[in-house]
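Colleague: Got a structure for you, data.pdb, holding PDB, C-alpha atoms.
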```pdb
MODEL        1
ATOM      1  CA  MET B 250      68.180  44.583  50.954
ATOM      2  CA  SER B 251      66.081  44.534  54.064
ATOM      3  CA  ASN B 252      64.010  47.385  55.346
ATOM      4  CA  ARG B 253      63.811  48.007  59.048
ATOM      5  CA  SER B 254      60.918  49.752  60.660
ATOM      6  CA  PRO B 255      61.397  52.719  63.031
ATOM      7  CA  GLY B 256      60.365  50.458  65.873
ATOM      8  CA  SER B 257      63.330  48.185  65.302
ATOM      9  CA  TYR B 258      65.768  51.133  65.526
ATOM     10  CA  LYS B 259      64.163  52.196  68.768
ATOM     11  CA  ASN B 260      64.478  48.691  70.203
ATOM     12  CA  LEU B 261      68.113  48.594  69.119
ATOM     13  CA  ALA B 262      68.843  51.905  70.853
ATOM     14  CA  ILE B 263      67.111  50.745  74.040
ATOM     15  CA  ALA B 264      69.105  47.528  73.998
ATOM     16  CA  ALA B 265      72.394  49.396  73.510
ATOM     17  CA  ARG B 266      71.549  51.781  76.331
ATOM     18  CA  SER B 267      70.668  48.890  78.639
ATOM     19  CA  ALA B 268      73.924  47.128  77.777
ATOM     20  CA  LEU B 269      75.939  50.313  78.436
ATOM     21  CA  ILE B 270      74.278  50.851  81.813
ATOM     22  CA  ARG B 271      74.758  47.213  82.745
ATOM     23  CA  ASN B 272      78.440  47.292  81.776
ATOM     24  CA  ALA B 273      78.953  50.513  83.717
ATOM     25  CA  ARG B 274      77.328  49.014  86.789
ATOM     26  CA  GLU B 275      79.357  45.815  86.499
ATOM     27  CA  LEU B 276      82.637  47.487  85.475
ATOM     28  CA  ASN B 277      85.491  45.700  87.185
ATOM     29  CA  LEU B 278      89.121  46.564  86.530
ATOM     30  CA  PHE B 279      90.446  43.735  88.629
ATOM     31  CA  SER B 280      92.156  40.894  86.722
ATOM     32  CA  ASP B 281      90.566  37.463  86.397
ATOM     33  CA  ASN B 282      93.972  35.797  86.437
ATOM     34  CA  PRO B 283      94.073  33.377  89.388
ATOM     35  CA  PHE B 284      97.734  34.302  89.869
ATOM     36  CA  TRP B 285      96.732  37.576  91.493
ATOM     37  CA  SER B 286      94.042  35.929  93.596
ATOM     38  CA  PRO B 287      92.333  39.104  94.839
ATOM     39  CA  ALA B 288      91.041  39.011  98.374
ATOM     40  CA  LEU B 289      87.944  41.040  97.486
ATOM     41  CA  ASN B 290      84.726  39.558  96.309
ATOM     42  CA  ASN B 291      83.020  40.692  93.097
ATOM     43  CA  THR B 292      80.860  43.375  94.745
ATOM     44  CA  GLU B 293      83.850  44.879  96.560
ATOM     45  CA  GLN B 294      85.890  44.856  93.340
ATOM     46  CA  ILE B 295      83.140  46.806  91.546
ATOM     47  CA  LEU B 296      82.970  49.415  94.348
ATOM     48  CA  SER B 297      86.758  49.725  94.386
ATOM     49  CA  THR B 298      86.740  50.268  90.630
ATOM     50  CA  ARG B 299      84.159  53.028  90.963
ATOM     51  CA  LEU B 300      86.195  54.734  93.660
ATOM     52  CA  PHE B 301      89.349  54.437  91.567
ATOM     53  CA  LEU B 302      87.654  56.023  88.556
ATOM     54  CA  LEU B 303      86.194  58.788  90.760
ATOM     55  CA  PHE B 304      89.611  59.654  92.174
ATOM     56  CA  ILE B 305      91.114  59.600  88.684
ATOM     57  CA  LEU B 306      88.431  62.038  87.505
ATOM     58  CA  ILE B 307      88.979  64.359  90.485
ATOM     59  CA  SER B 308      92.750  64.306  89.913
ATOM     60  CA  LEU B 309      92.310  65.182  86.245
ATOM     61  CA  LEU B 310      90.013  68.077  87.121
ATOM     62  CA  ILE B 311      92.567  69.394  89.625
ATOM     63  CA  VAL B 312      95.406  69.174  87.095
ATOM     64  CA  ILE B 313      93.369  70.848  84.354
ATOM     65  CA  THR B 314      92.248  73.663  86.691
ATOM     66  CA  TYR B 315      95.789  74.278  87.938
ATOM     67  CA  ALA B 316      97.186  74.290  84.411
ATOM     68  CA  SER B 317      94.573  76.821  83.309
ATOM     69  CA  LEU B 318      95.461  79.167  86.192
ATOM     70  CA  ILE B 319      99.203  79.179  85.606
ATOM     71  CA  VAL B 320     100.458  82.498  84.117
ATOM     72  CA  ARG B 321     102.465  81.701  81.070
ATOM     73  CA  THR B 322     105.134  84.227  80.229
ATOM     74  CA  HIS B 323     106.337  84.746  76.701
ATOM     75  CA  SER B 324     109.429  86.903  76.379
ATOM     76  CA  ILE B 325     109.278  89.127  73.314
ATOM     77  CA  THR B 326     112.112  91.511  72.537
ATOM     78  CA  LEU B 327     111.480  94.643  70.491
ATOM     79  CA  ASP B 328     114.478  96.578  69.242
ATOM     80  CA  GLN B 329     112.507  99.631  68.154
ATOM     81  CA  PHE B 330     109.130 100.958  69.213
ATOM     82  CA  SER B 331     107.352 104.283  69.483
ATOM     83  CA  LEU B 332     105.806 105.970  72.489
ATOM     84  CA  SER B 333     102.328 104.893  71.404
ATOM     85  CA  ASP B 334     103.532 101.283  71.084
ATOM     86  CA  PHE B 335     104.961 101.444  74.601
ATOM     87  CA  GLU B 336     101.731 102.817  76.047
ATOM     88  CA  GLN B 337      99.677 100.131  74.308
ATOM     89  CA  LEU B 338     101.946  97.402  75.650
ATOM     90  CA  GLN B 339     101.759  98.960  79.103
ATOM     91  CA  THR B 340      97.957  98.875  78.926
ATOM     92  CA  HIS B 341      97.863  95.176  77.996
ATOM     93  CA  TYR B 342     100.796  93.992  80.153
ATOM     94  CA  PRO B 343     101.082  96.389  83.117
ATOM     95  CA  ASN B 344     102.785  93.876  85.445
ATOM     96  CA  THR B 345     105.124  92.012  83.123
ATOM     97  CA  LEU B 346     106.373  94.698  80.741
ATOM     98  CA  GLN B 347     110.015  95.584  81.369
ATOM     99  CA  ILE B 348     111.933  97.999  79.174
ATOM    100  CA  ALA B 349     115.480  98.807  80.208
ATOM    101  CA  CYS B 350     116.815 102.290  79.573
ATOM    102  CA  SER B 351     119.700 102.597  77.148
ATOM    103  CA  GLN B 352     120.950 105.519  79.259
ATOM    104  CA  VAL B 353     120.466 105.156  83.004
ATOM    105  CA  SER B 354     121.352 108.740  84.014
ATOM    106  CA  ASN B 355     119.701 111.705  82.297
ATOM    107  CA  PRO B 356     119.848 115.411  83.247
ATOM    108  CA  TYR B 357     116.579 117.056  84.187
ATOM    109  CA  TYR B 358     116.694 119.594  81.362
ATOM    110  CA  LYS B 359     116.286 116.826  78.756
ATOM    111  CA  PHE B 360     112.718 116.116  79.809
ATOM    112  CA  ILE B 361     111.671 119.160  81.908
ATOM    113  CA  GLN B 362     111.837 122.627  80.392
ATOM    114  CA  LEU B 363     111.373 125.507  82.867
ATOM    115  CA  SER B 364     110.865 129.160  81.964
ATOM    116  CA  PRO B 365     110.915 131.485  85.002
ATOM    117  CA  ILE B 366     108.341 134.283  84.946
ATOM    118  CA  PHE B 367     108.999 137.269  87.207
ATOM    119  CA  HIS B 368     106.651 139.963  88.423
ATOM    120  CA  GLU B 369     106.067 142.756  85.938
ATOM    121  CA  ILE B 370     107.558 145.308  88.322
ATOM    122  CA  CYS B 371     110.967 143.635  87.969
ATOM    123  CA  SER B 372     111.016 144.362  84.240
ATOM    124  CA  SER B 373     109.480 147.835  84.414
ATOM    125  CA  SER B 374     111.101 151.243  84.438
ATOM    126  CA  PHE B 375     110.319 151.651  88.148
ATOM    127  CA  ILE B 376     113.545 149.848  89.039
ATOM    128  CA  GLY B 377     115.612 151.621  86.405
ATOM    129  CA  LYS B 378     118.333 154.098  87.245
ATOM    130  CA  LYS B 379     116.570 156.924  85.422
ATOM    131  CA  TRP B 380     113.403 156.605  87.503
ATOM    132  CA  ILE B 381     115.235 156.118  90.798
ATOM    133  CA  SER B 382     117.541 159.061  90.118
ATOM    134  CA  SER B 383     114.525 161.264  89.432
ATOM    135  CA  LEU B 384     113.248 160.518  92.949
ATOM    136  CA  PHE B 385     116.400 161.723  94.677
ATOM    137  CA  LEU B 386     115.949 164.920  96.631
ATOM    138  CA  PRO B 387     119.026 166.636  98.112
ATOM    139  CA  ASN B 388     116.894 167.963 100.990
ATOM    140  CA  ALA B 389     114.905 164.740 101.540
ATOM    141  CA  THR B 390     115.695 164.667 105.257
ATOM    142  CA  SER B 391     114.222 168.140 105.663
ATOM    143  CA  HIS B 392     110.715 166.751 105.185
ATOM    144  CA  ASN B 393     108.626 165.177 107.890
ATOM    145  CA  ILE B 394     110.025 161.767 108.793
ATOM    146  CA  LEU B 395     106.686 160.227 107.774
ATOM    147  CA  ASP B 396     106.683 162.030 104.431
ATOM    148  CA  PHE B 397     107.081 159.486 101.644
ATOM    149  CA  ARG B 398     109.436 161.884  99.835
ATOM    150  CA  THR B 399     111.944 161.248 102.615
ATOM    151  CA  PHE B 400     112.484 157.581 101.779
ATOM    152  CA  ILE B 401     110.817 156.943  98.397
ATOM    153  CA  PHE B 402     114.270 157.035  96.791
ATOM    154  CA  GLY B 403     115.506 154.285  99.135
ATOM    155  CA  GLN B 404     112.281 152.284  98.734
ATOM    156  CA  PHE B 405     112.721 151.914  95.001
ATOM    157  CA  GLN B 406     116.414 151.166  95.450
ATOM    158  CA  ALA B 407     115.430 148.338  97.812
ATOM    159  CA  LEU B 408     112.832 147.143  95.297
ATOM    160  CA  ALA B 409     115.453 147.048  92.530
ATOM    161  CA  LEU B 410     117.816 145.106  94.800
ATOM    162  CA  LEU B 411     115.016 142.680  95.706
ATOM    163  CA  CYS B 412     114.295 142.004  92.031
ATOM    164  CA  GLN B 413     117.980 141.506  91.356
ATOM    165  CA  THR B 414     118.510 139.035  94.205
ATOM    166  CA  ALA B 415     115.273 137.208  93.381
ATOM    167  CA  LYS B 416     116.291 136.755  89.748
ATOM    168  CA  GLN B 417     119.752 135.601  90.755
ATOM    169  CA  SER B 418     118.304 133.072  93.200
ATOM    170  CA  VAL B 419     115.942 131.705  90.558
ATOM    171  CA  TYR B 420     118.695 131.497  87.946
ATOM    172  CA  ASP B 421     121.042 129.755  90.382
ATOM    173  CA  GLY B 422     118.335 127.273  91.348
ATOM    174  CA  HIS B 423     117.481 126.694  87.679
ATOM    175  CA  ARG B 424     121.127 126.078  86.813
ATOM    176  CA  THR B 425     121.504 123.617  89.689
ATOM    177  CA  PHE B 426     118.282 121.893  88.633
ATOM    178  CA  ASN B 427     119.485 121.455  85.050
ATOM    179  CA  SER B 428     122.813 119.996  86.182
ATOM    180  CA  THR B 429     121.095 117.314  88.325
ATOM    181  CA  ASN B 430     120.456 113.882  86.824
ATOM    182  CA  LEU B 431     117.536 111.500  87.131
ATOM    183  CA  ILE B 432     118.694 107.889  87.537
ATOM    184  CA  THR B 433     116.327 105.117  86.489
ATOM    185  CA  HIS B 434     116.981 101.643  85.089
ATOM    186  CA  ASP B 435     113.565 101.044  83.498
ATOM    187  CA  VAL B 436     111.338 103.196  81.329
ATOM    188  CA  LEU B 437     108.729 105.049  83.387
ATOM    189  CA  VAL B 438     105.071 105.096  82.452
ATOM    190  CA  ARG B 439     103.385 108.443  81.919
ATOM    191  CA  ALA B 440     101.708 108.558  85.356
ATOM    192  CA  GLU B 441     104.952 107.758  87.170
ATOM    193  CA  PHE B 442     106.891 110.293  85.124
ATOM    194  CA  ASN B 443     104.331 113.062  85.766
ATOM    195  CA  GLU B 444     104.392 112.329  89.489
ATOM    196  CA  ILE B 445     108.193 112.486  89.619
ATOM    197  CA  ALA B 446     108.252 115.679  87.543
ATOM    198  CA  ASN B 447     105.719 117.376  89.838
ATOM    199  CA  VAL B 448     107.761 116.426  92.905
ATOM    200  CA  LEU B 449     110.982 117.741  91.342
ATOM    201  CA  ILE B 450     109.406 121.071  90.356
ATOM    202  CA  GLU B 451     107.783 121.505  93.778
ATOM    203  CA  ASN B 452     111.096 120.772  95.511
ATOM    204  CA  LEU B 453     112.813 123.325  93.292
ATOM    205  CA  ARG B 454     110.203 125.961  94.141
ATOM    206  CA  LYS B 455     110.507 125.299  97.875
ATOM    207  CA  THR B 456     114.306 125.318  97.717
ATOM    208  CA  VAL B 457     114.445 128.670  95.906
ATOM    209  CA  LEU B 458     111.955 130.240  98.337
ATOM    210  CA  ALA B 459     113.801 128.849 101.361
ATOM    211  CA  LYS B 460     117.146 130.226 100.137
ATOM    212  CA  GLU B 461     115.624 133.624  99.344
ATOM    213  CA  ASN B 462     113.908 133.833 102.744
ATOM    214  CA  ARG B 463     117.098 132.760 104.496
ATOM    215  CA  THR B 464     119.080 135.448 102.670
ATOM    216  CA  ALA B 465     116.476 138.092 103.593
ATOM    217  CA  ARG B 466     116.543 137.029 107.256
ATOM    218  CA  VAL B 467     120.350 137.106 107.382
ATOM    219  CA  VAL B 468     120.474 140.587 105.827
ATOM    220  CA  SER B 469     117.694 141.860 108.108
ATOM    221  CA  MET B 470     119.382 140.400 111.194
ATOM    222  CA  SER B 471     122.731 141.861 110.174
ATOM    223  CA  ILE B 472     121.213 145.322 109.725
ATOM    224  CA  ALA B 473     119.390 145.131 113.049
ATOM    225  CA  GLN B 474     122.230 143.665 115.098
ATOM    226  CA  ASN B 475     124.920 145.903 113.613
ATOM    227  CA  ARG B 476     122.653 148.923 114.002
ATOM    228  CA  VAL B 477     123.237 150.116 110.472
ATOM    229  CA  MET B 478     122.142 153.737 110.277
ATOM    230  CA  SER B 479     120.014 154.931 107.419
ATOM    231  CA  ALA B 480     121.259 158.034 105.653
ATOM    232  CA  LEU B 481     117.624 159.161 105.565
ATOM    233  CA  ARG B 482     117.471 159.338 109.405
ATOM    234  CA  THR B 483     114.486 157.006 109.562
ATOM    235  CA  ASN B 484     115.862 154.542 112.153
ATOM    236  CA  PHE B 485     118.525 156.508 114.069
ATOM    237  CA  TYR B 486     119.289 160.186 114.615
ATOM    238  CA  ILE B 487     122.756 161.582 115.199
ATOM    239  CA  LYS B 488     123.052 164.953 116.863
ATOM    240  CA  SER B 489     126.285 166.756 117.582
ATOM    241  CA  VAL B 490     126.775 168.490 120.902
ATOM    242  CA  TYR B 491     127.333 172.199 120.410
ATOM    243  CA  LEU B 492     130.990 173.292 120.454
ATOM    244  CA  SER B 493     132.292 169.734 121.008
ATOM    245  CA  LYS B 494     133.261 166.646 119.098
ATOM    246  CA  VAL B 495     130.625 164.548 120.845
ATOM    247  CA  TYR B 496     127.765 162.992 118.879
ATOM    248  CA  VAL B 497     124.656 161.546 120.475
ATOM    249  CA  THR B 498     122.632 158.807 118.780
ATOM    250  CA  TYR B 499     118.872 158.679 119.242
ATOM    251  CA  ASN B 500     116.619 155.760 118.358
ATOM    252  CA  GLY B 501     113.786 156.055 115.892
ATOM    253  CA  TYR B 502     110.293 155.495 117.356
ATOM    254  CA  TYR B 503     107.037 154.962 115.517
ATOM    255  CA  PHE B 504     103.514 154.527 116.747
ATOM    256  CA  LYS B 505     101.812 151.284 115.930
ATOM    257  CA  ASN B 506      98.450 151.111 114.203
ATOM    258  CA  ASN B 507      96.348 151.900 117.290
ATOM    259  CA  GLY B 508      98.360 155.082 117.875
ATOM    260  CA  THR B 509      98.584 154.902 121.676
ATOM    261  CA  SER B 510     101.677 155.835 123.620
ATOM    262  CA  LEU B 511     101.967 152.274 124.903
ATOM    263  CA  SER B 512     102.294 150.769 121.439
ATOM    264  CA  VAL B 513     105.536 152.120 120.068
ATOM    265  CA  CYS B 514     107.870 150.325 117.668
ATOM    266  CA  THR B 515     111.561 150.823 118.446
ATOM    267  CA  CYS B 516     113.991 150.510 115.561
ATOM    268  CA  ARG B 517     116.850 149.526 117.890
ATOM    269  CA  LEU B 518     114.914 146.519 119.218
ATOM    270  CA  GLN B 519     112.657 145.604 116.328
ATOM    271  CA  GLY B 520     114.951 146.389 113.438
ATOM    272  CA  ASN B 521     113.176 146.962 110.154
ATOM    273  CA  GLN B 522     109.855 145.594 111.420
ATOM    274  CA  CYS B 523     108.483 149.037 112.231
ATOM    275  CA  VAL B 524     105.611 149.809 109.842
ATOM    276  CA  TYR B 525     103.585 152.999 109.862
ATOM    277  CA  PRO B 526     101.359 154.833 107.349
ATOM    278  CA  ALA B 527     103.289 157.403 105.367
ATOM    279  CA  GLY B 528     101.907 160.362 103.471
ATOM    280  CA  ALA B 529     102.610 163.757 101.963
ATOM    281  CA  PHE B 530     103.123 166.610 104.416
ATOM    282  CA  TYR B 531     103.271 170.167 103.162
ATOM    283  CA  ASN B 532     104.405 171.706 106.430
ATOM    284  CA  TRP B 533     107.943 170.935 107.529
ATOM    285  CA  THR B 534     108.136 169.779 111.157
ATOM    286  CA  THR B 535     111.237 169.331 113.257
ATOM    287  CA  PRO B 536     111.527 165.754 114.599
ATOM    288  CA  GLU B 537     111.357 165.377 118.364
ATOM    289  CA  LEU B 538     114.303 163.321 119.558
ATOM    290  CA  ASP B 539     113.476 160.149 121.459
ATOM    291  CA  GLN B 540     109.804 160.694 120.660
ATOM    292  CA  PRO B 541     107.584 158.768 118.237
ATOM    293  CA  ALA B 542     107.161 160.307 114.824
ATOM    294  CA  LYS B 543     103.883 162.219 114.571
ATOM    295  CA  SER B 544     101.721 162.868 111.558
ATOM    296  CA  ASN B 545     100.707 166.349 112.605
ATOM    297  CA  PRO B 546      99.132 167.946 110.691
ATOM    298  CA  PRO B 547      97.474 164.914 109.047
ATOM    299  CA  PRO B 548      98.754 164.183 105.523
ATOM    300  CA  ARG B 549      96.673 164.767 102.410
ATOM    301  CA  PHE B 550      96.873 161.004 101.600
ATOM    302  CA  GLN B 551      98.509 157.950 103.140
ATOM    303  CA  VAL B 552     100.277 154.850 101.940
ATOM    304  CA  ASN B 553     101.655 151.997 104.052
ATOM    305  CA  LEU B 554     105.411 151.833 103.661
ATOM    306  CA  LEU B 555     108.127 149.993 105.554
ATOM    307  CA  VAL B 556     110.383 152.322 107.467
ATOM    308  CA  LEU B 557     113.922 152.157 106.101
TER     309      LEU B 557
ENDMDL
END
```
As structure tokens - that is how I would like this structure written.
Modeller:
Amino acid sequence: MSNRSPGSYKNLAIAARSALIRNARELNLFSDNPFWSPALNNTEQILSTRLFLLFILISLLIVITYASLIVRTHSITLDQFSLSDFEQLQTHYPNTLQIACSQVSNPYYKFIQLSPIFHEICSSSFIGKKWISSLFLPNATSHNILDFRTFIFGQFQALALLCQTAKQSVYDGHRTFNSTNLITHDVLVRAEFNEIANVLIENLRKTVLAKENRTARVVSMSIAQNRVMSALRTNFYIKSVYLSKVYVTYNGYYFKNNGTSLSVCTCRLQGNQCVYPAGAFYNWTTPELDQPAKSNPPPRFQVNLLVL
């Protein structure tokens, strides 16, 4: 058994390195067979070999890079999964996850529960028959036309009717909403579902308000155009001519807020838009026909009420 010194191993490594470098420099892939008889000399063959190997290396790098960038899709089918599983999958695969709905059409009430809440006044005793009947005065028209006792009975009747029509409009809109279906082929993520739900609820709110406002405008226009007379004599006065069957109708006039003679609201032209402060008058005053209603003497207190 022979022992080699460290210097001999070093010389062997240097020799191997030199041989490797020399072989790399003189690498020639051209055949030595005279049958092929290459037209290139030895130096040109070596350069051509280097270029060939360089192009091969570049081509391999391009193929490897392209293969690493290709999105590989693995189709996995799950028969059952929970909501948390779906959200986790959506987080990891937001662009490739597809879950078809077993039922394409679903009514709104299955995923949106609405509970209408009305103003407290519409559930109070102030719109009840007992309260409204207690406000009726047989001689209501004997008071000053601006006295709230003249029309407070009609005001609360109108309030009760407003609550009734408002509730009916909301219930009708709610019933229509529940009978409408949402059609979707794929399961919606939480953000998409919340956005759709907000749009549906906002559209329902706007639709109910638009219908209620349209009904109020139609009723108001009908009252104004048909010149419906209030039994409380707040918009028109009817006076019989003495010893005849002739009746004369007088329009109701009300001062506007500034109280000048040039700012008068006419019920015949402006319908139920005439608004004036009402109050409690303890001295009965005869109304002046074709003249604006006057608060003389001034009332003890005032409250803004719409003239009926």
Colleague: Closest to B:Ala527 among B:Phe400, B:Tyr420, B:Tyr491, B:Phe485, using only C-alpha atoms?
Modeller: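 When distances to B:Ala527 are compared using only C-alpha atoms, the smallest one comes from B:Phe400.
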Colleague: Hey, can you check how far atom CA of B:Asn452 sits from atom CA of B:Phe426?
Modeller: 10.0 Å
Colleague: Once the PyMOL selection byres ((chain B and resi 298) around 8) is applied to the coordinates I shared, what remains selected? I want it as a PyMOL selection string.
Modeller: chain B and resi 276-279+294-297+299-302
Colleague: For B:Ser428, which residue out of B:Lys378, B:Lys359, B:Lys460, B:Arg454 is the nearest one, using all atoms listed in the file?
Modeller: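 Using all atoms listed in the file, the shortest distance to B:Ser428 belongs to B:Lys359.
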Colleague: Just say which residues the PyMOL selection byres ((chain B and resi 364) around 12) picks in this file, as JSON, numbers by chain.
Modeller: {"B": [358, 361, 362, 363, 365, 366, 367, 419, 420, 423, 424, 427, 450]}
Colleague: What's around B:Ser372 at 12 Å? Count all atoms listed in the file, leave out sequence neighbours fewer than 5 positions away in its own chain, and write the answer as a short mmCIF file (atom, residue, chain, number, x, y, z; two decimals) with C-alpha atoms, keeping the file's coordinate frame.
Modeller:
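Result saved to out17.cif:
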```
data_model
loop_
_atom_site.label_atom_id
_atom_site.label_comp_id
_atom_site.auth_asym_id
_atom_site.auth_seq_id
_atom_site.Cartn_x
_atom_site.Cartn_y
_atom_site.Cartn_z
CA ILE B 366 108.34 134.28 84.95
CA PHE B 367 109.00 137.27 87.21
CA GLY B 377 115.61 151.62 86.40
CA LEU B 408 112.83 147.14 95.30
CA ALA B 409 115.45 147.05 92.53
CA CYS B 412 114.30 142.00 92.03
CA GLN B 413 117.98 141.51 91.36
CA LYS B 416 116.29 136.76 89.75
#
```
Colleague: Counting all atoms listed in the file, figure out which residue out of B:Ala316, B:Leu481, B:Leu306, B:Cys350 gets nearest to B:Phe402.
Modeller: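 Checking each of B:Ala316, B:Leu481, B:Leu306, B:Cys350 against B:Phe402, counting all atoms listed in the file, the winner is B:Leu481.
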Colleague: Mind giving me the straight-line distance from atom CA of B:Glu369 to atom CA of B:Thr483 in Å, one decimal?
Modeller: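 Going from atom CA of B:Glu369 over to atom CA of B:Thr483, I get 28.8 Å.
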Colleague: When distances are computed from all atoms listed in the file, which of B:Gln347, B:Ser267, B:Asn260, B:Asn291 shows the smallest separation from B:Val436?
Modeller: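 Closest to B:Val436, using all atoms listed in the file: B:Gln347.
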Colleague: Nearest to B:Ile472 among B:Asn484, B:Thr340, B:Ser308, B:Gln404, with distances taken over all atoms listed in the file: which residue is it?
Modeller: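 Distance minimum relative to B:Ile472 lands on B:Asn484.
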Colleague: Any idea what the distance is between atom CA of B:Thr414 and atom CA of B:Thr456?
Modeller: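 Those two atoms sit 14.8 Å apart.
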Colleague: Under the PyMOL selection byres ((chain B and resi 336) around 12), which residues of this model are included? Write them out as a PyMOL selection string.
Modeller: chain B and resi 330-335+337-343+346+348+436-440
Colleague: What are the centre and edge lengths in Å, to one decimal, of the axis-aligned box around all listed atoms of stretch 343-357 of chain B with 4 Å added on each side, as lines of an AutoDock Vina configuration file?
Modeller:
```
center_x = 111.2
center_y = 104.5
center_z = 81.3
size_x = 28.3
size_y = 33.0
size_z = 16.3
```
Colleague: Just checking: using all atoms listed in the file, which residue out of B:Ala407, B:Ala349, B:Ile305, B:Val477 ends up closest to B:Cys371?
Modeller: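 Counting all atoms listed in the file, the residue closest to B:Cys371 is B:Ala407.
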Colleague: Please work out which residues fall within 12 Å of (113.6, 107.5, 87.9), coordinates as given in the file, with all atoms listed in the file counting, and return them as a list of chain:residue names.
Modeller: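 Here the neighbourhood of the point contains B:Ala349, B:Cys350, B:Gln352, B:Val353, B:Ser354, B:Asn355, B:Pro356, B:Tyr357, B:Phe360, B:Asn430, B:Leu431, B:Ile432, B:Thr433, B:His434, B:Asp435, B:Val436, B:Leu437, B:Val438, B:Arg439, B:Glu441, B:Phe442, B:Asn443, B:Glu444, B:Ile445, B:Ala446, B:Val448, B:Leu449.
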Colleague: N, CA and C atoms for stretch 345-357 of chain B, written as an mmCIF file, in the frame of the given file, could you do that?
Modeller:
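The result, stored in rebuild-v5.cif:
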```cif
data_model
loop_
_atom_site.group_PDB
_atom_site.id
_atom_site.type_symbol
_atom_site.label_atom_id
_atom_site.label_comp_id
_atom_site.auth_asym_id
_atom_site.auth_seq_id
_atom_site.Cartn_x
_atom_site.Cartn_y
_atom_site.Cartn_z
ATOM 1 N N THR B 345 104.026 92.826 83.657
ATOM 2 C CA THR B 345 105.124 92.012 83.123
ATOM 3 C C THR B 345 106.008 92.766 82.145
ATOM 4 N N LEU B 346 105.592 93.955 81.723
ATOM 5 C CA LEU B 346 106.373 94.698 80.741
ATOM 6 C C LEU B 346 107.607 95.300 81.401
ATOM 7 N N GLN B 347 108.763 95.041 80.866
ATOM 8 C CA GLN B 347 110.015 95.584 81.369
ATOM 9 C C GLN B 347 110.831 96.089 80.191
ATOM 10 N N ILE B 348 111.142 97.377 80.239
ATOM 11 C CA ILE B 348 111.933 97.999 79.174
ATOM 12 C C ILE B 348 113.102 98.712 79.832
ATOM 13 N N ALA B 349 114.283 98.215 79.618
ATOM 14 C CA ALA B 349 115.480 98.807 80.208
ATOM 15 C C ALA B 349 115.886 100.056 79.445
ATOM 16 N N CYS B 350 116.371 101.042 80.190
ATOM 17 C CA CYS B 350 116.815 102.290 79.573
ATOM 18 C C CYS B 350 118.200 102.092 78.952
ATOM 19 N N SER B 351 118.378 102.642 77.765
ATOM 20 C CA SER B 351 119.700 102.597 77.148
ATOM 21 C C SER B 351 120.671 103.538 77.840
ATOM 22 N N GLN B 352 120.129 104.577 78.497
ATOM 23 C CA GLN B 352 120.950 105.519 79.259
ATOM 24 C C GLN B 352 120.328 105.669 80.630
ATOM 25 N N VAL B 353 121.034 105.201 81.658
ATOM 26 C CA VAL B 353 120.466 105.156 83.004
ATOM 27 C C VAL B 353 120.348 106.543 83.617
ATOM 28 N N SER B 354 121.322 107.406 83.410
ATOM 29 C CA SER B 354 121.352 108.740 84.014
ATOM 30 C C SER B 354 121.069 109.791 82.954
ATOM 31 N N ASN B 355 120.087 110.641 83.227
ATOM 32 C CA ASN B 355 119.701 111.705 82.297
ATOM 33 C C ASN B 355 119.499 113.007 83.066
ATOM 34 N N PRO B 356 120.059 114.121 82.572
ATOM 35 C CA PRO B 356 119.848 115.411 83.247
ATOM 36 C C PRO B 356 118.396 115.861 83.135
ATOM 37 N N TYR B 357 117.978 116.624 84.142
ATOM 38 C CA TYR B 357 116.579 117.056 84.187
ATOM 39 C C TYR B 357 116.173 117.866 82.966
#
```
